[in-house]
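A quick write-up on the structure given underneath.
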Amino acid sequence: MLLALRALLPFSLALLFGCSSTETDTSTEGAAAGIALTETGAHAVTRSKVPFLWREQAYDASLHDSISIITIDQKLAEELTDAERAALGYVTTFIGSECDWDGKANPEFSNLKCKTLSALKLGYQCSIEHLGFLQHWFRNDQEVLIQLASCPRIPFTASSQQTFDEIYLTTQGDTINVWFSASGVNLPMNATWEWTEENIFLAQDDAISLVRTNKSEVIRSELKFDEGL
């Protein structure tokens, strides 16, 4: 059953997540060009809507076909301030990024490895390393702390899940903006959905707060497979 689900999900997710109406410059050279040091400001860095995550097509030998996979700008990830890591870590806590068990799932389900958290050096999903870091940075934001208390553990093989298509980061002084597009699928219900969202954070000293969220209308549709899949 697990192998069948592994085979089915990449096809369904590729159909759903593989296409984007936005043309994205995903080169690390372009990302680096958007980064410049500022003379003042708590975090002394400015980033002008640089791509942190995007999707690319890759051939899967086990499926004999190309599938859509998540790609992360590792160079940018290494340059992030802790406040930026906290902002991105919060956003990526609640939406999947090709999360899979590191080996076999242990009895506590505490070894779920996600691409975004790994790039941010935050350990396993919902681990002490992951949540401890976010709880420290968001310690003055009670709403975020309540959300983190319900940290989800959803592997990419789940029949109902959500995942990222793109993530962009903008930093201006103490303000951090994380914009993303995401999609969801529910195989038993033959349902898909997609939306975009902007999360704006204010960083002060060694703490950060979520000050505003702008979410687009959720577009829902029926999941349809091509004949022969």
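Naming scheme: A, B, ... for chains in displayed order of the structure tokens; residues 1 onward per chain; ligands 1 onward as shown.
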Cut-off 12 Å: closest region 113-207 of chain A/region 66-84 of chain A atom pairs per residue, using only C-alpha atoms, as a tab-separated table:
residue	atom	partner	partner_atom	distance
A:Cys114	CA	A:Ile70	CA	10.7
A:Lys115	CA	A:Ile70	CA	8.0
A:Thr116	CA	A:Ile72	CA	7.5
A:Leu117	CA	A:Ala77	CA	10.3
A:Ser118	CA	A:Ala77	CA	9.9
A:Ala119	CA	A:Ala77	CA	6.2
A:Leu120	CA	A:Ala77	CA	6.2
A:Lys121	CA	A:Ala77	CA	8.9
A:Leu122	CA	A:Asp82	CA	11.0
A:Phe133	CA	A:Asp82	CA	9.3
A:Leu134	CA	A:Ala83	CA	9.6
A:His136	CA	A:Ala83	CA	10.7
A:Trp137	CA	A:Ala83	CA	7.4
A:Phe138	CA	A:Ala83	CA	9.8
A:Phe156	CA	A:Ile69	CA	11.6
A:Thr163	CA	A:Ile70	CA	9.3
A:Phe164	CA	A:Ile70	CA	7.9
A:Asp165	CA	A:Ile70	CA	7.6
A:Glu166	CA	A:Ile70	CA	8.7
A:Ile167	CA	A:Ile72	CA	9.2
A:Tyr168	CA	A:Asp73	CA	10.7
A:Leu169	CA	A:Glu84	CA	8.4
A:Thr170	CA	A:Glu84	CA	9.4
A:Thr171	CA	A:Glu84	CA	8.1
A:Gln172	CA	A:Glu84	CA	11.2
A:Gly173	CA	A:Ala83	CA	11.3
A:Asp174	CA	A:Ala83	CA	9.3
A:Thr175	CA	A:Glu84	CA	9.7
A:Ile176	CA	A:Glu84	CA	6.9
A:Asn177	CA	A:Glu84	CA	9.1
A:Val178	CA	A:Glu84	CA	9.1
A:Ala182	CA	A:Ile70	CA	11.7
A:Ile200	CA	A:Glu84	CA	11.2
A:Phe201	CA	A:Ala83	CA	9.3
A:Leu202	CA	A:Ala83	CA	9.2
A:Ala203	CA	A:Ala83	CA	6.6
A:Gln204	CA	A:Ala83	CA	8.9
A:Asp205	CA	A:Ala83	CA	9.2
A:Asp206	CA	A:Ala83	CA	7.4
A:Ala207	CA	A:Ala83	CA	7.4
Do you know which residues are at most 9 Å from Asn199 (chain A) counting only C-alpha atoms, after dropping those on the same chain fewer than 2 positions away, and could you put them as a PDB file with all heavy atoms, in the first residue's frame?
ATOM      1  N   ALA A  87      11.210  33.530  10.663  1.00  0.00           N
ATOM      2  CA  ALA A  87      10.058  33.849   9.817  1.00  0.00           C
ATOM      3  C   ALA A  87       9.774  32.717   8.833  1.00  0.00           C
ATOM      4  O   ALA A  87       8.638  32.250   8.698  1.00  0.00           O
ATOM      5  CB  ALA A  87      10.306  35.161   9.076  1.00  0.00           C
ATOM      6  N   VAL A  91       6.518  29.869   8.740  1.00  0.00           N
ATOM      7  CA  VAL A  91       5.680  29.651   7.556  1.00  0.00           C
ATOM      8  C   VAL A  91       5.751  28.199   7.091  1.00  0.00           C
ATOM      9  O   VAL A  91       4.735  27.588   6.742  1.00  0.00           O
ATOM     10  CB  VAL A  91       6.108  30.605   6.418  1.00  0.00           C
ATOM     11  CG1 VAL A  91       5.438  30.224   5.106  1.00  0.00           C
ATOM     12  CG2 VAL A  91       5.765  32.047   6.781  1.00  0.00           C
ATOM     13  N   ILE A 176      10.202  41.799   7.804  1.00  0.00           N
ATOM     14  CA  ILE A 176      10.476  40.605   6.997  1.00  0.00           C
ATOM     15  C   ILE A 176       9.167  40.156   6.363  1.00  0.00           C
ATOM     16  O   ILE A 176       8.152  39.988   7.044  1.00  0.00           O
ATOM     17  CB  ILE A 176      11.065  39.473   7.856  1.00  0.00           C
ATOM     18  CG1 ILE A 176      12.370  39.931   8.510  1.00  0.00           C
ATOM     19  CG2 ILE A 176      11.295  38.220   7.014  1.00  0.00           C
ATOM     20  CD1 ILE A 176      12.910  38.949   9.534  1.00  0.00           C
ATOM     21  N   ASN A 177       9.192  39.978   5.058  1.00  0.00           N
ATOM     22  CA  ASN A 177       8.001  39.579   4.306  1.00  0.00           C
ATOM     23  C   ASN A 177       8.262  38.227   3.650  1.00  0.00           C
ATOM     24  O   ASN A 177       9.224  38.072   2.900  1.00  0.00           O
ATOM     25  CB  ASN A 177       7.684  40.649   3.249  1.00  0.00           C
ATOM     26  CG  ASN A 177       6.409  40.366   2.476  1.00  0.00           C
ATOM     27  OD1 ASN A 177       6.188  39.255   2.019  1.00  0.00           O
ATOM     28  ND2 ASN A 177       5.583  41.383   2.299  1.00  0.00           N
ATOM     29  N   VAL A 178       7.407  37.255   3.949  1.00  0.00           N
ATOM     30  CA  VAL A 178       7.501  35.933   3.322  1.00  0.00           C
ATOM     31  C   VAL A 178       6.242  35.729   2.482  1.00  0.00           C
ATOM     32  O   VAL A 178       5.138  35.644   3.017  1.00  0.00           O
ATOM     33  CB  VAL A 178       7.635  34.807   4.363  1.00  0.00           C
ATOM     34  CG1 VAL A 178       7.692  33.447   3.660  1.00  0.00           C
ATOM     35  CG2 VAL A 178       8.881  35.014   5.222  1.00  0.00           C
ATOM     36  N   TRP A 179       6.425  35.686   1.162  1.00  0.00           N
ATOM     37  CA  TRP A 179       5.317  35.453   0.230  1.00  0.00           C
ATOM     38  C   TRP A 179       5.461  34.050  -0.339  1.00  0.00           C
ATOM     39  O   TRP A 179       6.565  33.611  -0.667  1.00  0.00           O
ATOM     40  CB  TRP A 179       5.356  36.468  -0.908  1.00  0.00           C
ATOM     41  CG  TRP A 179       4.247  36.309  -1.915  1.00  0.00           C
ATOM     42  CD1 TRP A 179       3.071  36.982  -1.951  1.00  0.00           C
ATOM     43  CD2 TRP A 179       4.224  35.412  -3.043  1.00  0.00           C
ATOM     44  NE1 TRP A 179       2.304  36.561  -3.011  1.00  0.00           N
ATOM     45  CE2 TRP A 179       2.983  35.592  -3.700  1.00  0.00           C
ATOM     46  CE3 TRP A 179       5.116  34.469  -3.545  1.00  0.00           C
ATOM     47  CZ2 TRP A 179       2.626  34.874  -4.838  1.00  0.00           C
ATOM     48  CZ3 TRP A 179       4.763  33.741  -4.672  1.00  0.00           C
ATOM     49  CH2 TRP A 179       3.535  33.951  -5.312  1.00  0.00           C
ATOM     50  N   PHE A 180       4.333  33.338  -0.455  1.00  0.00           N
ATOM     51  CA  PHE A 180       4.417  32.004  -1.038  1.00  0.00           C
ATOM     52  C   PHE A 180       3.155  31.662  -1.815  1.00  0.00           C
ATOM     53  O   PHE A 180       2.082  32.248  -1.614  1.00  0.00           O
ATOM     54  CB  PHE A 180       4.673  30.943   0.038  1.00  0.00           C
ATOM     55  CG  PHE A 180       3.539  30.728   1.015  1.00  0.00           C
ATOM     56  CD1 PHE A 180       2.487  29.876   0.719  1.00  0.00           C
ATOM     57  CD2 PHE A 180       3.542  31.366   2.249  1.00  0.00           C
ATOM     58  CE1 PHE A 180       1.454  29.661   1.619  1.00  0.00           C
ATOM     59  CE2 PHE A 180       2.517  31.160   3.161  1.00  0.00           C
ATOM     60  CZ  PHE A 180       1.467  30.306   2.846  1.00  0.00           C
ATOM     61  N   GLU A 197      -0.124  33.552  -0.364  1.00  0.00           N
ATOM     62  CA  GLU A 197      -0.211  34.156   0.970  1.00  0.00           C
ATOM     63  C   GLU A 197       1.035  34.978   1.257  1.00  0.00           C
ATOM     64  O   GLU A 197       2.142  34.619   0.834  1.00  0.00           O
ATOM     65  CB  GLU A 197      -0.375  33.057   2.024  1.00  0.00           C
ATOM     66  CG  GLU A 197      -0.646  33.568   3.427  1.00  0.00           C
ATOM     67  CD  GLU A 197      -1.019  32.421   4.368  1.00  0.00           C
ATOM     68  OE1 GLU A 197      -1.740  31.501   3.924  1.00  0.00           O
ATOM     69  OE2 GLU A 197      -0.582  32.443   5.529  1.00  0.00           O
ATOM     70  N   PHE A 201       6.346  40.125   9.122  1.00  0.00           N
ATOM     71  CA  PHE A 201       6.869  39.996  10.479  1.00  0.00           C
ATOM     72  C   PHE A 201       7.638  41.260  10.867  1.00  0.00           C
ATOM     73  O   PHE A 201       8.236  41.924  10.013  1.00  0.00           O
ATOM     74  CB  PHE A 201       7.822  38.802  10.577  1.00  0.00           C
ATOM     75  CG  PHE A 201       7.222  37.496  10.146  1.00  0.00           C
ATOM     76  CD1 PHE A 201       7.252  37.110   8.810  1.00  0.00           C
ATOM     77  CD2 PHE A 201       6.637  36.641  11.064  1.00  0.00           C
ATOM     78  CE1 PHE A 201       6.712  35.902   8.401  1.00  0.00           C
ATOM     79  CE2 PHE A 201       6.086  35.431  10.666  1.00  0.00           C
ATOM     80  CZ  PHE A 201       6.125  35.060   9.333  1.00  0.00           C
ATOM     81  N   LEU A 210       4.475  38.111  14.214  1.00  0.00           N
ATOM     82  CA  LEU A 210       3.696  38.139  12.981  1.00  0.00           C
ATOM     83  C   LEU A 210       2.693  39.280  13.100  1.00  0.00           C
ATOM     84  O   LEU A 210       1.825  39.262  13.973  1.00  0.00           O
ATOM     85  CB  LEU A 210       2.968  36.808  12.788  1.00  0.00           C
ATOM     86  CG  LEU A 210       2.021  36.709  11.590  1.00  0.00           C
ATOM     87  CD1 LEU A 210       2.772  36.880  10.280  1.00  0.00           C
ATOM     88  CD2 LEU A 210       1.278  35.368  11.612  1.00  0.00           C
ATOM     89  N   VAL A 211       2.809  40.280  12.231  1.00  0.00           N
ATOM     90  CA  VAL A 211       1.955  41.460  12.351  1.00  0.00           C
ATOM     91  C   VAL A 211       0.791  41.460  11.365  1.00  0.00           C
ATOM     92  O   VAL A 211      -0.240  42.090  11.618  1.00  0.00           O
ATOM     93  CB  VAL A 211       2.775  42.760  12.191  1.00  0.00           C
ATOM     94  CG1 VAL A 211       3.782  42.891  13.324  1.00  0.00           C
ATOM     95  CG2 VAL A 211       3.491  42.809  10.851  1.00  0.00           C
ATOM     96  N   ARG A 212       0.930  40.757  10.246  1.00  0.00           N
ATOM     97  CA  ARG A 212      -0.175  40.746   9.283  1.00  0.00           C
ATOM     98  C   ARG A 212      -0.040  39.569   8.325  1.00  0.00           C
ATOM     99  O   ARG A 212       1.063  39.182   7.952  1.00  0.00           O
ATOM    100  CB  ARG A 212      -0.213  42.055   8.484  1.00  0.00           C
ATOM    101  CG  ARG A 212      -1.465  42.194   7.609  1.00  0.00           C
ATOM    102  CD  ARG A 212      -1.649  43.607   7.082  1.00  0.00           C
ATOM    103  NE  ARG A 212      -0.689  43.972   6.046  1.00  0.00           N
ATOM    104  CZ  ARG A 212       0.334  44.790   6.218  1.00  0.00           C
ATOM    105  NH1 ARG A 212       0.557  45.334   7.406  1.00  0.00           N
ATOM    106  NH2 ARG A 212       1.156  45.083   5.223  1.00  0.00           N
ATOM    107  N   THR A 213      -1.200  39.014   7.942  1.00  0.00           N
ATOM    108  CA  THR A 213      -1.252  37.950   6.941  1.00  0.00           C
ATOM    109  C   THR A 213      -2.256  38.336   5.866  1.00  0.00           C
ATOM    110  O   THR A 213      -3.396  38.700   6.180  1.00  0.00           O
ATOM    111  CB  THR A 213      -1.669  36.608   7.572  1.00  0.00           C
ATOM    112  OG1 THR A 213      -0.686  36.208   8.526  1.00  0.00           O
ATOM    113  CG2 THR A 213      -1.798  35.526   6.513  1.00  0.00           C
ATOM    114  N   ASN A 214      -1.831  38.284   4.611  1.00  0.00           N
ATOM    115  CA  ASN A 214      -2.708  38.561   3.476  1.00  0.00           C
ATOM    116  C   ASN A 214      -2.826  37.286   2.646  1.00  0.00           C
ATOM    117  O   ASN A 214      -1.850  36.841   2.046  1.00  0.00           O
ATOM    118  CB  ASN A 214      -2.142  39.691   2.615  1.00  0.00           C
ATOM    119  CG  ASN A 214      -1.960  40.980   3.400  1.00  0.00           C
ATOM    120  OD1 ASN A 214      -2.816  41.366   4.189  1.00  0.00           O
ATOM    121  ND2 ASN A 214      -0.834  41.652   3.195  1.00  0.00           N
ATOM    122  N   LYS A 215      -4.014  36.705   2.631  1.00  0.00           N
ATOM    123  CA  LYS A 215      -4.229  35.438   1.939  1.00  0.00           C
ATOM    124  C   LYS A 215      -5.196  35.631   0.782  1.00  0.00           C
ATOM    125  O   LYS A 215      -6.238  36.277   0.933  1.00  0.00           O
ATOM    126  CB  LYS A 215      -4.778  34.391   2.916  1.00  0.00           C
ATOM    127  CG  LYS A 215      -4.922  32.997   2.332  1.00  0.00           C
ATOM    128  CD  LYS A 215      -5.366  32.001   3.401  1.00  0.00           C
ATOM    129  CE  LYS A 215      -5.503  30.589   2.832  1.00  0.00           C
ATOM    130  NZ  LYS A 215      -5.891  29.611   3.881  1.00  0.00           N
TER     131      LYS A 215
END
(request) Return the single residue from A:Ser160, A:Lys49, A:Glu198, A:Gln57 that is closest to Val185 (chain A), with distances computed using only C-alpha atoms. (result)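 Nearest candidate to Val185 (chain A) out of A:Ser160, A:Lys49, A:Glu198, A:Gln57: A:Ser160.
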(request) One decimal, Å: what's the distance from CA of His130 (chain A) over to CA of Tyr90 (chain A), could you say? (result) 9.6 Å
(message) Report, in Å to a single decimal, how far apart CA of Ala58 (chain A) and CA of Pro155 (chain A) are.
(response) 20.0 Å
(request) Find the spatial neighbours of Gln135 (chain A), counting only C-alpha atoms, within a cut-off of 12 Å - ignore same-chain residues fewer than 2 positions away - and output them as JSON, numbers by chain. (result) {"A": [86, 87, 89, 90, 126, 127, 128, 129, 130, 131, 132, 133, 137, 138, 139, 140, 141, 142, 143, 144, 145, 146, 147, 148, 149, 151, 206, 207, 208, 209]}
Suppose we keep N, CA and C atoms; can you now write the selection as a PDB file, in the first residue's frame?
ATOM      1  N   ALA A  86      13.634  32.367  11.513  1.00  0.00           N
ATOM      2  CA  ALA A  86      12.427  32.220  12.323  1.00  0.00           C
ATOM      3  C   ALA A  86      11.178  32.483  11.488  1.00  0.00           C
ATOM      4  N   ALA A  87      11.210  33.530  10.663  1.00  0.00           N
ATOM      5  CA  ALA A  87      10.058  33.849   9.817  1.00  0.00           C
ATOM      6  C   ALA A  87       9.774  32.717   8.833  1.00  0.00           C
ATOM      7  N   GLY A  89      10.885  29.646   9.088  1.00  0.00           N
ATOM      8  CA  GLY A  89      10.597  28.436   9.855  1.00  0.00           C
ATOM      9  C   GLY A  89       9.150  28.367  10.291  1.00  0.00           C
ATOM     10  N   TYR A  90       8.584  29.511  10.678  1.00  0.00           N
ATOM     11  CA  TYR A  90       7.174  29.547  11.057  1.00  0.00           C
ATOM     12  C   TYR A  90       6.286  29.200   9.865  1.00  0.00           C
ATOM     13  N   CYS A 126       8.687  19.375  14.125  1.00  0.00           N
ATOM     14  CA  CYS A 126       8.117  19.384  15.482  1.00  0.00           C
ATOM     15  C   CYS A 126       9.099  18.920  16.550  1.00  0.00           C
ATOM     16  N   SER A 127      10.380  18.857  16.230  1.00  0.00           N
ATOM     17  CA  SER A 127      11.386  18.452  17.212  1.00  0.00           C
ATOM     18  C   SER A 127      11.640  19.586  18.203  1.00  0.00           C
ATOM     19  N   ILE A 128      12.360  19.276  19.273  1.00  0.00           N
ATOM     20  CA  ILE A 128      12.734  20.305  20.243  1.00  0.00           C
ATOM     21  C   ILE A 128      13.591  21.371  19.567  1.00  0.00           C
ATOM     22  N   GLU A 129      14.473  20.940  18.673  1.00  0.00           N
ATOM     23  CA  GLU A 129      15.325  21.886  17.952  1.00  0.00           C
ATOM     24  C   GLU A 129      14.485  22.840  17.109  1.00  0.00           C
ATOM     25  N   HIS A 130      13.495  22.306  16.425  1.00  0.00           N
ATOM     26  CA  HIS A 130      12.605  23.083  15.568  1.00  0.00           C
ATOM     27  C   HIS A 130      11.730  24.027  16.395  1.00  0.00           C
ATOM     28  N   LEU A 131      10.928  23.465  17.288  1.00  0.00           N
ATOM     29  CA  LEU A 131       9.975  24.277  18.044  1.00  0.00           C
ATOM     30  C   LEU A 131      10.660  25.163  19.077  1.00  0.00           C
ATOM     31  N   GLY A 132      11.749  24.679  19.670  1.00  0.00           N
ATOM     32  CA  GLY A 132      12.456  25.493  20.655  1.00  0.00           C
ATOM     33  C   GLY A 132      12.976  26.788  20.051  1.00  0.00           C
ATOM     34  N   PHE A 133      13.519  26.693  18.839  1.00  0.00           N
ATOM     35  CA  PHE A 133      14.029  27.883  18.150  1.00  0.00           C
ATOM     36  C   PHE A 133      12.892  28.867  17.872  1.00  0.00           C
ATOM     37  N   TRP A 137      12.062  32.774  19.438  1.00  0.00           N
ATOM     38  CA  TRP A 137      11.954  33.980  18.622  1.00  0.00           C
ATOM     39  C   TRP A 137      10.555  34.585  18.649  1.00  0.00           C
ATOM     40  N   PHE A 138       9.523  33.749  18.803  1.00  0.00           N
ATOM     41  CA  PHE A 138       8.141  34.247  18.837  1.00  0.00           C
ATOM     42  C   PHE A 138       7.593  34.302  20.264  1.00  0.00           C
ATOM     43  N   ARG A 139       8.450  34.401  21.252  1.00  0.00           N
ATOM     44  CA  ARG A 139       8.015  34.317  22.648  1.00  0.00           C
ATOM     45  C   ARG A 139       7.056  35.435  23.041  1.00  0.00           C
ATOM     46  N   ASN A 140       7.038  36.540  22.290  1.00  0.00           N
ATOM     47  CA  ASN A 140       6.129  37.649  22.597  1.00  0.00           C
ATOM     48  C   ASN A 140       4.856  37.617  21.757  1.00  0.00           C
ATOM     49  N   ASP A 141       4.690  36.586  20.941  1.00  0.00           N
ATOM     50  CA  ASP A 141       3.523  36.478  20.055  1.00  0.00           C
ATOM     51  C   ASP A 141       2.707  35.254  20.484  1.00  0.00           C
ATOM     52  N   GLN A 142       1.698  35.479  21.308  1.00  0.00           N
ATOM     53  CA  GLN A 142       0.931  34.380  21.880  1.00  0.00           C
ATOM     54  C   GLN A 142       0.155  33.591  20.829  1.00  0.00           C
ATOM     55  N   GLU A 143      -0.347  34.253  19.799  1.00  0.00           N
ATOM     56  CA  GLU A 143      -1.102  33.544  18.764  1.00  0.00           C
ATOM     57  C   GLU A 143      -0.213  32.545  18.027  1.00  0.00           C
ATOM     58  N   VAL A 144       0.997  32.954  17.712  1.00  0.00           N
ATOM     59  CA  VAL A 144       1.929  32.049  17.041  1.00  0.00           C
ATOM     60  C   VAL A 144       2.296  30.886  17.961  1.00  0.00           C
ATOM     61  N   LEU A 145       2.523  31.167  19.233  1.00  0.00           N
ATOM     62  CA  LEU A 145       2.874  30.106  20.182  1.00  0.00           C
ATOM     63  C   LEU A 145       1.756  29.066  20.281  1.00  0.00           C
ATOM     64  N   ILE A 146       0.508  29.515  20.235  1.00  0.00           N
ATOM     65  CA  ILE A 146      -0.624  28.584  20.267  1.00  0.00           C
ATOM     66  C   ILE A 146      -0.629  27.717  19.012  1.00  0.00           C
ATOM     67  N   GLN A 147      -0.349  28.323  17.866  1.00  0.00           N
ATOM     68  CA  GLN A 147      -0.302  27.564  16.614  1.00  0.00           C
ATOM     69  C   GLN A 147       0.820  26.527  16.643  1.00  0.00           C
ATOM     70  N   LEU A 148       1.970  26.914  17.167  1.00  0.00           N
ATOM     71  CA  LEU A 148       3.107  25.996  17.213  1.00  0.00           C
ATOM     72  C   LEU A 148       2.828  24.799  18.120  1.00  0.00           C
ATOM     73  N   ALA A 149       1.951  24.981  19.096  1.00  0.00           N
ATOM     74  CA  ALA A 149       1.599  23.879  19.998  1.00  0.00           C
ATOM     75  C   ALA A 149       0.864  22.761  19.265  1.00  0.00           C
ATOM     76  N   CYS A 151       1.762  21.620  16.171  1.00  0.00           N
ATOM     77  CA  CYS A 151       2.667  21.352  15.052  1.00  0.00           C
ATOM     78  C   CYS A 151       2.279  20.047  14.350  1.00  0.00           C
ATOM     79  N   ASP A 206      16.088  40.355  19.681  1.00  0.00           N
ATOM     80  CA  ASP A 206      16.161  38.924  19.377  1.00  0.00           C
ATOM     81  C   ASP A 206      14.781  38.281  19.486  1.00  0.00           C
ATOM     82  N   ALA A 207      13.752  39.012  19.038  1.00  0.00           N
ATOM     83  CA  ALA A 207      12.387  38.489  19.020  1.00  0.00           C
ATOM     84  C   ALA A 207      11.709  38.921  17.728  1.00  0.00           C
ATOM     85  N   ILE A 208      10.664  38.193  17.358  1.00  0.00           N
ATOM     86  CA  ILE A 208       9.953  38.478  16.115  1.00  0.00           C
ATOM     87  C   ILE A 208       8.466  38.228  16.341  1.00  0.00           C
ATOM     88  N   SER A 209       7.632  39.000  15.644  1.00  0.00           N
ATOM     89  CA  SER A 209       6.186  38.843  15.757  1.00  0.00           C
ATOM     90  C   SER A 209       5.557  38.868  14.376  1.00  0.00           C
TER      91      SER A 209
END
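CA of Tyr124 (chain A) is positioned 12.3 Å from CA of Asn106 (chain A).
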